[in-house]
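Novice: Structure file model_26.cif, mmCIF, C-alpha atoms, is pasted below:
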```cif
data_coords
#
loop_
_atom_site.label_atom_id
_atom_site.label_comp_id
_atom_site.auth_asym_id
_atom_site.auth_seq_id
_atom_site.Cartn_x
_atom_site.Cartn_y
_atom_site.Cartn_z
CA MET A 29 -11.96 6.13 -10.12
CA ILE A 30 -11.47 8.33 -7.05
CA SER A 31 -7.98 8.97 -5.61
CA ASN A 32 -6.40 10.71 -2.59
CA ASP A 33 -2.59 11.08 -2.10
CA VAL A 34 -0.41 11.81 0.95
CA THR A 35 3.35 12.49 0.85
CA ALA A 36 5.19 11.06 3.87
CA GLY A 37 8.87 11.90 3.50
CA ASN A 38 10.55 9.32 1.27
CA PHE A 39 7.32 7.86 -0.16
CA TYR A 40 3.71 8.62 -0.82
CA TYR A 41 0.60 6.60 -0.32
CA CYS A 42 -2.76 6.95 -1.95
CA VAL A 43 -6.20 5.44 -1.67
CA ASN A 44 -7.98 4.64 -4.91
CA HIS A 45 -11.50 3.40 -5.40
CA TRP A 46 -12.68 1.65 -8.54
CA PHE A 47 -16.42 1.45 -8.98
CA PRO A 48 -18.23 -1.76 -10.03
CA LEU A 49 -17.37 -3.01 -13.51
CA GLN A 50 -14.40 -0.68 -13.97
CA SER A 51 -11.06 -1.56 -15.49
CA LYS A 52 -7.81 0.37 -15.79
CA THR A 53 -4.56 -0.60 -17.45
CA PHE A 54 -1.36 1.16 -16.44
CA TYR A 55 2.39 0.86 -16.73
CA ASN A 56 3.66 0.27 -13.18
CA ALA A 57 7.41 0.79 -13.32
CA VAL A 58 9.95 3.19 -11.84
CA ASP A 59 10.07 5.19 -15.09
CA SER A 60 6.28 5.49 -15.42
CA ALA A 61 4.66 8.91 -15.86
CA ASP A 62 1.72 7.60 -13.79
CA GLY A 63 3.99 6.89 -10.81
CA TYR A 64 5.23 3.60 -9.48
CA HIS A 65 3.27 1.65 -6.88
CA SER A 66 5.58 -0.88 -5.24
CA HIS A 67 2.98 -2.28 -2.80
CA SER A 68 -0.79 -2.33 -2.44
CA TYR A 69 -3.33 -3.26 0.22
CA ILE A 70 -7.03 -3.94 -0.43
CA ILE A 71 -9.13 -2.08 2.12
CA ASP A 72 -12.52 -3.23 0.88
CA GLY A 73 -13.95 -5.19 -2.04
CA SER A 74 -12.19 -7.32 -4.60
CA CYS A 75 -10.43 -7.12 -7.93
CA VAL A 76 -8.53 -9.11 -10.49
CA GLY A 77 -5.05 -8.02 -11.50
CA GLU A 78 -3.73 -9.14 -14.86
CA PHE A 79 -0.03 -8.67 -15.52
CA ARG A 80 1.73 -8.44 -18.90
CA ASP A 81 5.31 -7.95 -20.06
CA THR A 82 4.24 -5.56 -22.86
CA THR A 83 1.30 -3.19 -23.38
CA ASP A 84 -0.71 -5.53 -25.56
CA GLY A 85 1.05 -8.78 -24.71
CA LYS A 86 -0.55 -11.90 -23.34
CA VAL A 87 -1.42 -12.13 -19.65
CA VAL A 88 1.49 -13.85 -17.87
CA GLN A 89 0.08 -13.71 -14.34
CA THR A 90 -3.38 -13.22 -12.84
CA ILE A 91 -4.01 -12.44 -9.18
CA LYS A 92 -7.47 -12.38 -7.62
CA SER A 93 -7.44 -10.27 -4.48
CA THR A 94 -10.03 -9.48 -1.87
CA SER A 95 -10.11 -7.65 1.44
CA LEU A 96 -10.56 -11.07 3.09
CA ASP A 97 -7.52 -12.79 1.56
CA ASN A 98 -4.61 -11.82 -0.69
CA SER A 99 -5.13 -8.25 0.48
CA PHE A 100 -1.41 -7.24 0.46
CA LEU A 101 0.66 -7.38 -2.72
CA ASP A 102 4.32 -6.62 -3.38
CA HIS A 103 4.49 -5.41 -7.00
CA THR A 104 8.30 -5.20 -7.24
CA ASP A 105 8.76 -8.55 -9.01
CA LEU A 106 5.55 -8.53 -11.08
CA PRO A 107 5.35 -7.74 -14.80
CA LYS A 108 5.02 -3.98 -15.25
CA TYR A 109 1.85 -3.72 -17.33
CA GLU A 110 -1.10 -4.10 -14.96
CA THR A 111 -4.83 -4.20 -15.55
CA VAL A 112 -7.11 -3.92 -12.52
CA SER A 113 -10.72 -5.01 -13.08
CA THR A 114 -13.64 -5.07 -10.67
CA GLU A 115 -17.05 -6.67 -10.54
CA GLU A 116 -18.38 -5.09 -7.34
CA GLY A 117 -15.75 -2.40 -6.76
CA VAL A 118 -12.55 -2.16 -4.74
CA THR A 119 -10.80 0.33 -2.47
CA MET A 120 -7.00 0.01 -2.34
CA MET A 121 -4.07 1.81 -0.72
CA PHE A 122 -0.91 2.03 -2.82
CA PHE A 123 2.59 2.72 -1.45
CA SER A 124 5.10 4.36 -3.78
CA PRO A 125 8.72 5.47 -3.35
CA ILE A 126 9.42 9.08 -4.31
CA ASN A 127 13.05 8.44 -5.25
CA ILE A 128 13.39 5.42 -7.52
CA ASP A 129 16.95 4.91 -6.28
CA LYS A 130 15.61 4.40 -2.74
CA PRO A 131 13.04 1.59 -2.78
CA ILE A 132 10.72 1.16 0.18
CA GLN A 133 9.65 -1.85 2.18
CA VAL A 134 6.15 -2.20 3.58
CA GLU A 135 5.09 -4.43 6.47
CA ILE A 136 1.42 -4.83 7.42
CA LYS A 137 0.42 -4.94 11.10
CA ASP A 138 -3.02 -6.00 12.29
CA ALA A 139 -4.64 -6.50 15.70
CA GLY A 140 -2.27 -6.54 18.65
CA THR A 141 0.37 -4.55 20.48
CA HIS A 142 3.60 -4.08 18.57
CA THR A 143 6.91 -2.43 19.43
CA VAL A 144 8.31 -0.43 16.52
CA THR A 145 12.03 0.38 16.82
CA ALA A 146 13.79 2.48 14.22
CA THR A 147 17.47 1.62 14.27
CA ASP A 148 19.23 3.22 11.28
CA LYS A 149 16.19 4.21 9.16
CA ARG A 150 13.05 6.08 10.02
CA ILE A 151 9.79 4.14 9.96
CA ALA A 152 6.45 5.64 9.04
CA ILE A 153 3.37 4.14 10.67
CA VAL A 154 0.48 4.56 8.22
CA SER A 155 -3.06 3.98 9.44
CA ILE A 156 -4.83 2.05 6.67
CA ILE A 157 -8.02 1.13 8.55
CA GLY A 158 -8.07 3.20 11.70
CA PRO A 159 -8.14 4.36 14.26
CA ILE A 160 -4.93 2.90 15.66
CA ASN A 161 -2.76 4.17 18.51
CA ALA A 162 0.96 5.03 18.32
CA ASN A 163 2.56 6.20 21.59
CA ASP A 164 -0.84 7.18 22.99
CA LYS A 165 -1.68 9.25 19.89
CA GLU A 166 -4.70 8.25 17.83
CA LEU A 167 -4.17 7.95 14.08
CA ILE A 168 -7.33 7.84 12.00
CA SER A 169 -7.37 6.25 8.54
CA MET A 170 -4.92 7.93 6.12
CA GLN A 171 -2.87 9.58 8.91
CA TYR A 172 0.75 8.68 9.60
CA ALA A 173 3.39 9.16 12.29
CA THR A 174 7.15 8.84 12.01
CA VAL A 175 9.50 6.91 14.30
CA PHE A 176 12.99 8.39 13.89
CA PRO A 177 16.27 6.43 14.17
CA GLY A 178 17.10 5.62 17.77
CA LYS A 179 13.46 5.92 18.87
CA THR A 180 10.77 3.36 19.70
CA ALA A 181 6.99 3.51 19.51
CA GLU A 182 4.32 1.33 21.07
CA LEU A 183 1.72 0.53 18.46
CA ILE A 184 -1.75 -0.66 19.47
CA VAL A 185 -3.87 -1.95 16.62
CA PRO A 186 -7.44 -2.85 17.64
CA LYS A 187 -9.33 -5.78 16.18
CA ASN A 188 -10.42 -5.19 12.55
CA ARG A 189 -7.88 -2.36 12.14
CA VAL A 190 -4.75 -2.36 10.00
CA CYS A 191 -1.64 -0.24 9.55
CA ALA A 192 1.57 -0.37 7.57
CA LEU A 193 5.18 0.17 8.62
CA VAL A 194 7.07 1.80 5.77
CA SER A 195 10.83 2.39 5.56
CA TYR A 196 13.67 2.35 3.05
CA ALA A 197 14.46 -1.16 1.82
#
```
Could I get this file's structure written as structure tokens?

Specialist:
Amino acid sequence: MISNDVTAGNFYYCVNHWFPLQSKTFYNAVDSADGYHSHSYIIDGSCVGEFRDTTDGKVVQTIKSTSLDNSFLDHTDLPKYETVSTEEGVTMMFFSPINIDKPIQVEIKDAGTHTVTATDKRIAIVSIIGPINANDKELISMQYATVFPGKTAELIVPKNRVCALVSYA
């Protein structure tokens, strides 16, 4: 597995790649030593997520995800023991709050022009599959820009590009 992390104020995001025929089990909860990933987005490939209530318990939920469908997942209400398995490999971006007392919300934006207005909370625009354009500034993949409270940004997301808007929940 290959990983790359970026800290963006109140959260961090990371891109992970699992090679073909890999599997990893981890405890995905706010008290985890491995960190807590509250949301994920599949950039490329596919995987199967199996979710358990205990380390070696039975699978209580299975989610098959691909970059073509089921690409965004909110992990906040899923069982905390996760196993990710691949057949052909998968590249995913995870979003994780830094402070467990301040959960984050993540909204995915794809092709189009969007107005992003931060009222009482700042909003980070994270380029997942770039480049995208925020207020005439190009953001390549893995870059982010912040919209502060009281400010607005015009977001242009070209076809086949994707970004996330991340703020406190």

Novice: With all atoms listed in the file as the atoms that count, which of A:Asp129, A:Asp81, A:Asp72, A:Asp164 lies nearest to Pro107 in chain A?

Specialist: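 For Pro107 in chain A, the nearest of the given residues is A:Asp81.
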
Novice: Please tell me which residues are no farther than 12 Å from (3.3, 8.4, 1.2) in the file, counting all atoms listed in the file, and write them as JSON, numbers by chain.

Specialist: {"A": [32, 33, 34, 35, 36, 37, 38, 39, 40, 41, 42, 43, 64, 65, 66, 67, 121, 122, 123, 124, 125, 126, 127, 132, 134, 151, 152, 153, 154, 155, 156, 170, 171, 172, 173, 174, 192, 193, 194, 195]}

Novice: Which distance in Å separates CA of Thr94 in chain A and CA of Gln50 in chain A, to one decimal?

Specialist: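 Spanning CA of Thr94 in chain A to CA of Gln50 in chain A is a straight-line distance of 15.6 Å.
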
Novice: Pick from A:Arg189, A:Lys92, A:Arg80, A:Lys108: nearest to Gly63 in chain A, with only C-alpha atoms counted?

Specialist: A:Lys108

Novice: Taking the point (18.9, 2.2, 17.6) as given in the file, collect each protein or nucleic acid residue that comes within 9 Å of it, counting all atoms listed in the file, and present the set as a VMD selection string.

Specialist: chain A and resid 145 to 148 177 to 180

Novice: Can you list what the PyMOL selection byres ((chain A and resi 111) around 8) grabs from this structure, as a PyMOL selection string?

Specialist: chain A and resi 51-54+76-79+109-110+112-113

Novice: Would you write out those residues with C-alpha atoms, as a CSV table (one decimal), in the frame of the given file?

Specialist:
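File produced: out_3.csv:
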```csv
chain,number,residue,atom,x,y,z
A,51,SER,CA,-11.1,-1.6,-15.5
A,52,LYS,CA,-7.8,0.4,-15.8
A,53,THR,CA,-4.6,-0.6,-17.4
A,54,PHE,CA,-1.4,1.2,-16.4
A,76,VAL,CA,-8.5,-9.1,-10.5
A,77,GLY,CA,-5.0,-8.0,-11.5
A,78,GLU,CA,-3.7,-9.1,-14.9
A,79,PHE,CA,0.0,-8.7,-15.5
A,109,TYR,CA,1.8,-3.7,-17.3
A,110,GLU,CA,-1.1,-4.1,-15.0
A,112,VAL,CA,-7.1,-3.9,-12.5
A,113,SER,CA,-10.7,-5.0,-13.1
```

Novice: Just give me the gap between CA of Ile91 in chain A and CA of Pro159 in chain A in Å, one decimal is fine.

Specialist: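 Distance reported for this atom pair: 29.1 Å.
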
Novice: Here is a test: counting only C-alpha atoms, which residue of A:Val144, A:Val88, A:Leu49, A:Leu96 is nearest to Gly73 in chain A?

Specialist: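 Residue with the minimum atom-to-atom distance to Gly73 in chain A: A:Leu96.
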
Novice: So what do you get for CA of Glu116 in chain A versus CA of Val185 in chain A, distance-wise?

Specialist: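 These atoms are spaced 28.2 Å apart.
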
Novice: Would you give the centre and edge lengths, in Å to one decimal, of a box along x, y and z around the listed atoms of range 109-124 of chain A, with 5 Å added to each side, as AutoDock Vina command-line options?

Specialist:
```
--center_x -6.6 --center_y -1.2 --center_z -9.0 --size_x 33.5 --size_y 21.0 --size_z 26.6
```

Novice: Closest to Phe100 in chain A among A:Leu167, A:Ala197, A:Ile160, A:Val190, using only C-alpha atoms?

Specialist: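 Ranking A:Leu167, A:Ala197, A:Ile160, A:Val190 by distance to Phe100 in chain A, first place goes to A:Val190.
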
Novice: Smallest atom-to-atom distance to Thr104 in chain A: which of A:Ile128, A:Gly117, A:Gly85, A:Lys137, using all atoms listed in the file?

Specialist: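 For Thr104 in chain A, the nearest of the given residues is A:Ile128.
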
Novice: Using only C-alpha atoms, find the one residue out of A:Thr82, A:His45, A:Thr119, A:Ile70 that sits nearest to Ser95 in chain A.

Specialist: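 Ranked by minimum distance to Ser95 in chain A, first place goes to A:Ile70.
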